[in-house]
Amino acid sequence: MESVINNLASPVVLAFVLGIVAKLIKSDLDFPRPLYQSISIYLLLAIGLKGGVELSKTPFSEFLGPASATLFLGVLTPLIAFAILRYVGKFDITNASGIAAHYGSVSVVTFIAAISYVQALGLEPEGFLPTLVAILEVPGIVVALLIPILIEKKKGTLKKAMHEVLTGSSIVLLVGGLIIGFVVGPTKFESVELFFVGGFQGALFLFLLELGMITASRLRDLKKVGAFLVGFGILVPILHGFLAVIIGMWAGLSVAGATVFAAMVSSGSYIAAPAAVRIALPKANPTLYLTSSLGITFPFNIALGIPLYYIIANWFGG
Amino acid sequence: MESVINNLASPVVLAFVLGIVAKLIKSDLDFPRPLYQSISIYLLLAIGLKGGVELSKTPFSEFLGPASATLFLGVLTPLIAFAILRYVGKFDITNASGIAAHYGSVSVVTFIAAISYVQALGLEPEGFLPTLVAILEVPGIVVALLIPILIEKKKGTLKKAMHEVLTGSSIVLLVGGLIIGFVVGPTKFESVELFFVGGFQGALFLFLLELGMITASRLRDLKKVGAFLVGFGILVPILHGFLAVIIGMWAGLSVAGATVFAAMVSSGSYIAAPAAVRIALPKANPTLYLTSSLGITFPFNIALGIPLYYIIANWFGG
Amino acid sequence: MESVINNLASPVVLAFVLGIVAKLIKSDLDFPRPLYQSISIYLLLAIGLKGGVELSKTPFSEFLGPASATLFLGVLTPLIAFAILRYVGKFDITNASGIAAHYGSVSVVTFIAAISYVQALGLEPEGFLPTLVAILEVPGIVVALLIPILIEKKKGTLKKAMHEVLTGSSIVLLVGGLIIGFVVGPTKFESVELFFVGGFQGALFLFLLELGMITASRLRDLKKVGAFLVGFGILVPILHGFLAVIIGMWAGLSVAGATVFAAMVSSGSYIAAPAAVRIALPKANPTLYLTSSLGITFPFNIALGIPLYYIIANWFGG
Amino acid sequence: MSLVNLKLVTIVSERILKTQMVEHIVECGAKGYTMLEATGEGSRGIRASEFEGRNVKFEIIASSEVAEKIFQKIKSEYFENYAVIVYSQDVQVVRGDKYI
Amino acid sequence: MSLVNLKLVTIVSERILKTQMVEHIVECGAKGYTMLEATGEGSRGIRASEFEGRNVKFEIIASSEVAEKIFQKIKSEYFENYAVIVYSQDVQVVRGDKYI
Amino acid sequence: MSLVNLKLVTIVSERILKTQMVEHIVECGAKGYTMLEATGEGSRGIRASEFEGRNVKFEIIASSEVAEKIFQKIKSEYFENYAVIVYSQDVQVVRGDKYI
Ligand SMILES: Nc1ncnc2c1ncn2[C@@H]1O[C@H](COP(=O)(O)O)[C@@H](O)[C@H]1O
Ligand SMILES: Nc1ncnc2c1ncn2[C@@H]1O[C@H](COP(=O)(O)O)[C@@H](O)[C@H]1O
Ligand SMILES: Nc1ncnc2c1ncn2[C@@H]1O[C@H](COP(=O)(O)O)[C@@H](O)[C@H]1O
Ligand code: NA
Ligand code: NA
Ligand code: NA
């Protein structure tokens, strides 16, 4: 319980709350879009670089298990999400696939928040975790977009959507950062370390402030999406997070690593997936998938999910 | 005298001068607006956070006196300014109130410059001063906007203007930062300290460069506003600063604290007040209130006012 | 040879490569323009400030030789470039002058990359080098723009173009930074040092990522400009760099200083010069001068030129 | 292709009026609007909203009745005290019935 | 001055369609286009592309034939699933033969 | 409402010409202008001013006489060497006498 409160009172989580409050009181506070984009670029590069440097110190054998676990869950989670949405929630195929694509992919900010969370507890998660983020970003989207094509036997715009995901700015920055970090290694990385590591939490603070404002505008759509999707947006992450803890620890992750891993796997993408779904499944309703992944699952994970996964991880491996 | 020169040669003041020079030689140097907005957001959050952290270490009793002094001066200064403008300067009620609102409120950048100034002298002003900025921001505007309503018995748009001030981005960021800083306290603040404290002076450097450019365009309007307002923009701050030193020291502030306090009280707002006045008193002439607060009082305070208040404070309490 | 590889694997050079790759795979990665502008402002101020602080520690006598060498090369290199373009490449007078103006001036980013390069080798180049950048920026452009006026005896728009160069934002920021740094000196500079020195390499990383993307779009124009200009864009920098090493060392520069000096002199401007040429010689074809200076010479210098000048400098003075 | 004749109403105003303008546009019955950031100069020189981001430009596709209402509204509310410019043009709109 | 009567075609679309729109415009025979960033509201509320930068507005000076082709293209490709608004105006263009 | 028939002159030019354009517009007798940032493609491909921020778009409400003067000015000064596009439309302006 204390760790939950600990998480709630961290600067970055409070920044998120401030963003929500600002919109609720109808403040004219407004982030210039270029600032939002610049911080995104910075954060993605920073975790890529940091992850690459760490990866350069990791023996391949240590990395193989978690990487396979990531791929496996990247395929499994969108299928679970689709099944629940289609057969329990009675969504049509298009919307069920569209939402499932988001839950198959990953929210980078949730990942970062989880990293910060366990670090604040004095733990050090595995350095290669950002690599897993990159691995997790794509397969979930592909699997979910394939579903309507397989079921309805339609030739879709899957290829276009795949290009969108693979060359999307978030993958390019994350993977580009990873490779650069891997190539330069710890010593040469020092020249940019102050910028990319020292400034990280502060940039994240600003980013969550903005995300809080965006989330607040999503909250207005909550009644539009219905009670089922609200429940879905909370329970499915818990389910996925639970699976991720078990599989992650089985693959060799530490308690801290499994906590972060669960946060990643349970999170819903809201940058890569929306763009891909908008192109491949234009008939899917953006209000449904954005509200559930950004308006429900994201704040749930930031405030309660991450500490919960930590408790679960402790329970299994503490 | 030495301290005056000391202030004039600090990096941030020279940045302000560079901004003015750039416009005078008609350079095409131009800050992208999003950069200006981003730095504003950063500076307001940073002083809020820092102030909140300090406040969390301050006993309430120590804070009560200065807070009351701030409120008192927040009500008094716009009345003084109004009386001088109306009865000496012969301005009409609308313009006198509009300008008075600016001098009742506070310029955050003047405040920051004053903090930097006393710190450069090796002094440490009270940590709760940013809280006083937040307290000072609002009442002066309210009082000044009430004047025409009371005198002319008109139902104004005061309420709209109040919402504008209270939910304005500067108050939200400042107060939001204060609360977050207060809640997280010194230890948890460390994660974002490098970003918000270490980068502060550099960001201020950029901000003053931009403000120098804006001020230069205001300088062109000097002849439009007339000699009376130029004198007003220099003498009234000195008067208010003098009052603030006396009342501030009487309320328990140190020499450094009283210097900063005088800079705050004497300064004219140019972010919150213009927006509020534009809405509540649309007939008031923006050239008058912007030129006096931004074109006259602001550069006066930055270059000469702050050292002067320091001299006065030393004189009383040194 | 090792130093070449060393340069290629530095974070900033890899950022440049990532930018090129991002565009080649048609990623939608896109820097918001205000970020690009903000980083430019930051980098120019930062090198100005740093240079000014260093200059304040340099005896005038030490500085006189290199400064004269810079002026001399600023006049000589555009004449060499013009002669080769006009008489070997058979370009018309307008285009030959337009391109020559670029090679007479200097690329600030190439300069920065060279500084980083020698520092990564553990060397410390002379602190006054940024002053030389400011000196080098202008004369080359003037000389080149004078050529068509003298040959064709036309009254040109030289004056307008000069105003454009001298009050252009890059000169204002660089020279403004230099003066401020010189006036405040090392002690007062400390307040903004973390921001302008500590963050420098990281900001440069982002800048080169963006420049990589811009360069990639230039690469498409390579066939438009023809084989001669491609050869010109590689061989003339080598020639200029060779001259610069000899003259620079003769004027008293260290091996590290001569390497950086050669990188400066050999580089082609792509901020100040294009603007000036566009105004003074509107008939000159932008594709020619932008592609050669930005698409050919810049990446050549970043990847191979700088290590080459280092080898040459070692050869003469090691 | 069948095009519908409608009005394109353009409003340029101080940024400080942005939220209110959106409300007015919707109240007057417009089905939507497009908004752009702009700067500009007119009879009154520098704007108070300079710090707040200068001007906003609204473009509204609407019927003549809605256009007329928007004119009236803005004339009565803002013309005295604020910098606002409003004009109207004829346009041919694809799928124009959406905007009536 | 001799002005040429041409069409000014305006398209406002979700930003996600930006690259495709440029391709269509060029394919249809337009000699150029001007693009601006915009926001807006319409029948469908918030855009999926909100994170990606909202709307883009294209302005194309072209002959009526090219204008007609652009209408057809956009109607057939996007009207069903995406937020797109298209309209046309008469304009008098200086040096107008450049754009035919 | 009484609307005044005026011309809306639109100019899209390289950003490098921005200051000069403003001067020309005012010299020709316009009472104001609105300016927007734009990008675009035309006959000449990439702009030299790409680093400087691409294109600017001016919109000027003015009488036909002023419009004609603006056309002449721009034609004589820029058409040969720079990327500039200029066109004119009829508009109905509220409070239109302000702009004559
Ligand atoms: N003649 C004009 N043509 C185009 N836009 C104008 C004109 N006059 C004013 N504007 C725009 O309207 C705003 C307010 O103008 P004003 O109310 O005349 O100060 C200016 O900032 C311009 O953006
Ligand atoms: N009546 C209108 N007038 C001007 N722009 C509109 C109008 N309706 C829609 N738009 C623009 O078209 C975009 C998509 O609208 P819609 O497809 O109706 O959701 C909006 O974001 C606006 O930018
Ligand atoms: N047909 C067109 N329609 C709209 N804008 C155009 C057109 N042609 C050119 N432009 C604009 O004018 C600028 C210069 O065009 P150009 O002089 O043809 O290279 C381009 O960057 C566009 O913004
Ligand atoms: Na997931
Ligand atoms: Na005050
Ligand atoms: Na050179």
# chains A, B, ... in the order shown; residues from 1 in each chain; ligands from 1
>>> residues_around(residues="Glu68 (chain F)", least_positions_apart="5", cutoff="12 Å", atoms="only C-alpha atoms", output="compact mmCIF listing (two decimals) with N, CA, C and O atoms, in the first residue's frame")
# COMPACT_ATOMS: atom_id res chain seq x y z
N MET E 1 -3.86 45.02 -65.93
CA MET E 1 -3.04 43.80 -66.04
C MET E 1 -3.91 42.64 -66.50
O MET E 1 -5.04 42.50 -66.08
N SER E 2 -3.36 41.78 -67.34
CA SER E 2 -4.18 40.68 -67.85
C SER E 2 -4.20 39.54 -66.83
O SER E 2 -3.17 38.96 -66.51
N LEU E 3 -5.38 39.28 -66.33
CA LEU E 3 -5.54 38.23 -65.35
C LEU E 3 -6.22 37.04 -66.01
O LEU E 3 -7.04 37.20 -66.91
N GLN E 92 -8.88 35.30 -60.10
CA GLN E 92 -8.20 35.94 -61.22
C GLN E 92 -6.72 35.95 -60.90
O GLN E 92 -6.30 36.55 -59.92
N VAL E 93 -5.95 35.27 -61.74
CA VAL E 93 -4.56 35.01 -61.39
C VAL E 93 -3.62 35.81 -62.29
O VAL E 93 -3.77 35.82 -63.50
N VAL E 94 -2.66 36.47 -61.66
CA VAL E 94 -1.62 37.16 -62.41
C VAL E 94 -0.66 36.11 -62.97
O VAL E 94 -0.30 35.19 -62.23
N LYS F 7 -11.77 43.67 -53.13
CA LYS F 7 -10.93 42.60 -53.64
C LYS F 7 -10.16 41.95 -52.48
O LYS F 7 -9.70 42.65 -51.58
N LEU F 8 -10.05 40.65 -52.55
CA LEU F 8 -9.13 39.94 -51.65
C LEU F 8 -7.93 39.52 -52.50
O LEU F 8 -8.06 38.66 -53.38
N VAL F 9 -6.80 40.13 -52.24
CA VAL F 9 -5.59 39.79 -52.99
C VAL F 9 -4.77 38.81 -52.17
O VAL F 9 -4.54 39.03 -50.98
N ILE F 25 3.12 46.25 -49.88
CA ILE F 25 1.67 46.23 -49.64
C ILE F 25 1.23 47.57 -49.05
O ILE F 25 0.24 48.15 -49.49
N CYS F 28 1.52 50.48 -51.58
CA CYS F 28 0.48 50.47 -52.61
C CYS F 28 -0.85 51.00 -52.08
O CYS F 28 -1.81 51.13 -52.83
N GLY F 29 -0.91 51.26 -50.79
CA GLY F 29 -2.11 51.89 -50.26
C GLY F 29 -3.05 50.97 -49.48
O GLY F 29 -4.14 51.39 -49.09
N ALA F 30 -2.63 49.71 -49.23
CA ALA F 30 -3.49 48.82 -48.46
C ALA F 30 -3.54 49.28 -47.00
O ALA F 30 -2.56 49.80 -46.48
N ALA F 62 -8.71 45.00 -50.13
CA ALA F 62 -8.42 46.33 -50.66
C ALA F 62 -9.34 46.65 -51.83
O ALA F 62 -10.05 45.77 -52.35
N SER F 63 -9.34 47.90 -52.25
CA SER F 63 -10.11 48.31 -53.43
C SER F 63 -9.44 47.77 -54.68
O SER F 63 -8.27 47.38 -54.67
N LYS F 73 3.29 46.11 -58.99
CA LYS F 73 4.51 46.17 -58.20
C LYS F 73 5.20 44.81 -58.15
O LYS F 73 6.40 44.69 -58.40
N ILE F 74 4.42 43.80 -57.83
CA ILE F 74 5.02 42.48 -57.66
C ILE F 74 5.49 41.92 -58.98
O ILE F 74 6.55 41.30 -59.08
N LYS F 75 4.68 42.16 -60.02
CA LYS F 75 5.07 41.69 -61.34
C LYS F 75 6.43 42.28 -61.72
O LYS F 75 7.34 41.57 -62.14
N VAL F 86 0.32 35.27 -57.27
CA VAL F 86 -0.60 36.34 -56.89
C VAL F 86 -1.95 36.14 -57.55
O VAL F 86 -2.01 35.87 -58.75
N TYR F 87 -3.00 36.23 -56.74
CA TYR F 87 -4.33 36.18 -57.36
C TYR F 87 -5.33 37.01 -56.57
O TYR F 87 -5.05 37.45 -55.46
N SER F 88 -6.48 37.18 -57.18
CA SER F 88 -7.45 38.12 -56.66
C SER F 88 -8.84 37.50 -56.68
O SER F 88 -9.16 36.68 -57.53
>>> residues_near_ligand(ligand="ligand 4", cutoff="7 Å", atoms="only C-alpha atoms and all ligand atoms", output="mmCIF file with N, CA and C atoms, in the first residue's frame")
data_model
loop_
_atom_site.group_PDB
_atom_site.id
_atom_site.type_symbol
_atom_site.label_atom_id
_atom_site.label_comp_id
_atom_site.auth_asym_id
_atom_site.auth_seq_id
_atom_site.Cartn_x
_atom_site.Cartn_y
_atom_site.Cartn_z
ATOM 1 N N THR A 77 -1.403 -11.081 -26.545
ATOM 2 C CA THR A 77 -2.286 -10.072 -25.953
ATOM 3 C C THR A 77 -3.323 -9.496 -26.929
ATOM 4 N N HIS A 102 -4.245 -1.717 -30.297
ATOM 5 C CA HIS A 102 -3.670 -0.817 -29.307
ATOM 6 C C HIS A 102 -3.152 -1.580 -28.090
ATOM 7 N N TYR A 103 -3.882 -2.617 -27.690
ATOM 8 C CA TYR A 103 -3.467 -3.369 -26.502
ATOM 9 C C TYR A 103 -2.365 -4.376 -26.806
ATOM 10 N N GLY A 104 -2.176 -4.682 -28.078
ATOM 11 C CA GLY A 104 -1.044 -5.518 -28.449
ATOM 12 C C GLY A 104 0.253 -4.722 -28.435
ATOM 13 N N SER A 105 0.147 -3.469 -28.774
ATOM 14 C CA SER A 105 1.344 -2.616 -28.824
ATOM 15 C C SER A 105 1.641 -2.039 -27.441
ATOM 16 N N VAL A 106 2.451 -1.021 -27.364
ATOM 17 C CA VAL A 106 2.953 -0.588 -26.069
ATOM 18 C C VAL A 106 2.964 0.942 -25.958
ATOM 19 N N MET A 264 4.615 -2.520 -19.473
ATOM 20 C CA MET A 264 4.707 -2.443 -20.935
ATOM 21 C C MET A 264 3.627 -3.277 -21.607
ATOM 22 N N VAL A 265 3.565 -4.532 -21.219
ATOM 23 C CA VAL A 265 2.682 -5.478 -21.895
ATOM 24 C C VAL A 265 1.221 -5.081 -21.687
ATOM 25 N N SER A 266 0.914 -4.581 -20.510
ATOM 26 C CA SER A 266 -0.482 -4.253 -20.215
ATOM 27 C C SER A 266 -0.908 -2.924 -20.827
ATOM 28 N N SER A 267 0.058 -2.101 -21.186
ATOM 29 C CA SER A 267 -0.287 -0.759 -21.661
ATOM 30 C C SER A 267 -0.870 -0.793 -23.067
ATOM 31 N N GLY A 268 -1.600 0.252 -23.385
ATOM 32 C CA GLY A 268 -2.147 0.385 -24.726
ATOM 33 C C GLY A 268 -1.421 1.495 -25.479
ATOM 34 N N SER A 269 -0.999 1.226 -26.688
ATOM 35 C CA SER A 269 -0.288 2.225 -27.496
ATOM 36 C C SER A 269 -1.209 3.392 -27.796
#
>>> closest_atom_pairs(of="chain D", to="ligand 1", cutoff="6 Å", atoms="only C-alpha atoms and all ligand atoms", output="CSV")
residue,atom,partner,partner_atom_place_in_ligand_line,distance
D:Val12,CA,ligand 1,12 (O),5.5
D:Thr39,CA,ligand 1,23 (O),5.5
D:Gly40,CA,ligand 1,23 (O),3.5
D:Glu41,CA,ligand 1,21 (O),4.0
D:Gly42,CA,ligand 1,18 (O),3.5
D:Ser43,CA,ligand 1,18 (O),3.8
D:Arg44,CA,ligand 1,19 (O),3.8
D:Gly45,CA,ligand 1,19 (O),5.8
D:Ala83,CA,ligand 1,17 (O),3.4
D:Val84,CA,ligand 1,17 (O),5.1
D:Ile85,CA,ligand 1,12 (O),5.1
>>> residues_around(residues="region 198-207 of chain C", least_positions_apart="4", cutoff="6 Å", atoms="only C-alpha atoms", output="PyMOL selection string")
(chain A and resi 192+195) or (chain C and resi 12+15+194)
>>> interface_residues(of="chain C", to="chain A", cutoff="7 Å", atoms="only C-alpha atoms", output="list in words")
Ala9, Ser10, Pro11, Leu14, Leu18, Ala22, Ile25, Lys26, Ser27, Asp28, Leu29, Pro32, Pro34, Leu35, Gly198, Gly199, Gln201 and Gly202 of chain C
>>> residues_around(residues="Lys57 (chain F)", least_positions_apart="4", cutoff="8 Å", atoms="only C-alpha atoms", output="list of chain:residue names")
F:Thr10, F:Ile11, F:Val12, F:Ser13, F:Met35, F:Leu36, F:Glu37, F:Ala38
>>> interface_residues(of="chain C", to="chain F", cutoff="8 Å", atoms="only C-alpha atoms", output="number ranges by chain")
C: 33, 271, 274-275, 278, 282-283, 286-287, 290
>>> write_last_selection(atoms="C-alpha atoms", output="short mmCIF file (atom, residue, chain, number, x, y, z; two decimals), in the first residue's frame")
data_model
loop_
_atom_site.label_atom_id
_atom_site.label_comp_id
_atom_site.auth_asym_id
_atom_site.auth_seq_id
_atom_site.Cartn_x
_atom_site.Cartn_y
_atom_site.Cartn_z
CA ARG C 33 10.70 23.78 -37.42
CA ILE C 271 22.78 29.47 -43.44
CA PRO C 274 22.22 31.18 -49.08
CA ALA C 275 20.19 34.07 -47.70
CA ARG C 278 19.37 34.69 -52.80
CA PRO C 282 18.63 35.99 -57.44
CA LYS C 283 19.46 34.45 -60.81
CA PRO C 286 19.85 27.48 -55.34
CA THR C 287 19.99 23.80 -56.25
CA LEU C 290 22.80 24.25 -51.62
#
>>> select_by_dssp(residues="chain F", states="strand (DSSP E)", output="VMD selection string")
chain F and resid 3 to 14 33 to 41 55 to 62 84 to 94
>>> closest_residue(among="F:Ile100, F:Leu6, F:Ile70, F:Val91", to="chain D", atoms="only C-alpha atoms")
F:Val91
>>> closest_residue(among="E:Asn55, E:Gly96, E:Asn5, E:Ile60", to="chain D", atoms="only C-alpha atoms")
E:Asn55
>>> residues_around(residues="region 61-72 of chain C", least_positions_apart="4", cutoff="9 Å", atoms="only C-alpha atoms", output="list in words")
Leu55, Leu76, Thr77, Phe128, Leu129, Thr131, Leu132, Val133, Ile135, Leu136, Pro139, Gly140, Ala244, Ile247, Gly248, Met249, Trp250, Ala251, Gly252, Leu253, Phe261 and Val265 of chain C
>>> select_by_dssp(residues="chain F", states="helix (DSSP H, G or I)", output="JSON, numbers by chain")
{"F": [15, 16, 17, 18, 19, 20, 21, 22, 23, 24, 25, 26, 27, 48, 49, 50, 51, 52, 64, 65, 66, 67, 68, 69, 70, 71, 72, 73, 74, 75, 76, 77, 78, 96, 97, 98, 99]}
>>> closest_residue(among="C:Ala161, C:Ala276, C:Leu73, C:Leu145", to="ligand 6", atoms="only C-alpha atoms and all ligand atoms")
C:Leu73
>>> atom_distance(atom1="CA of Gly98 (chain C)", atom2="CA of Ile141 (chain C)")
8.7 Å
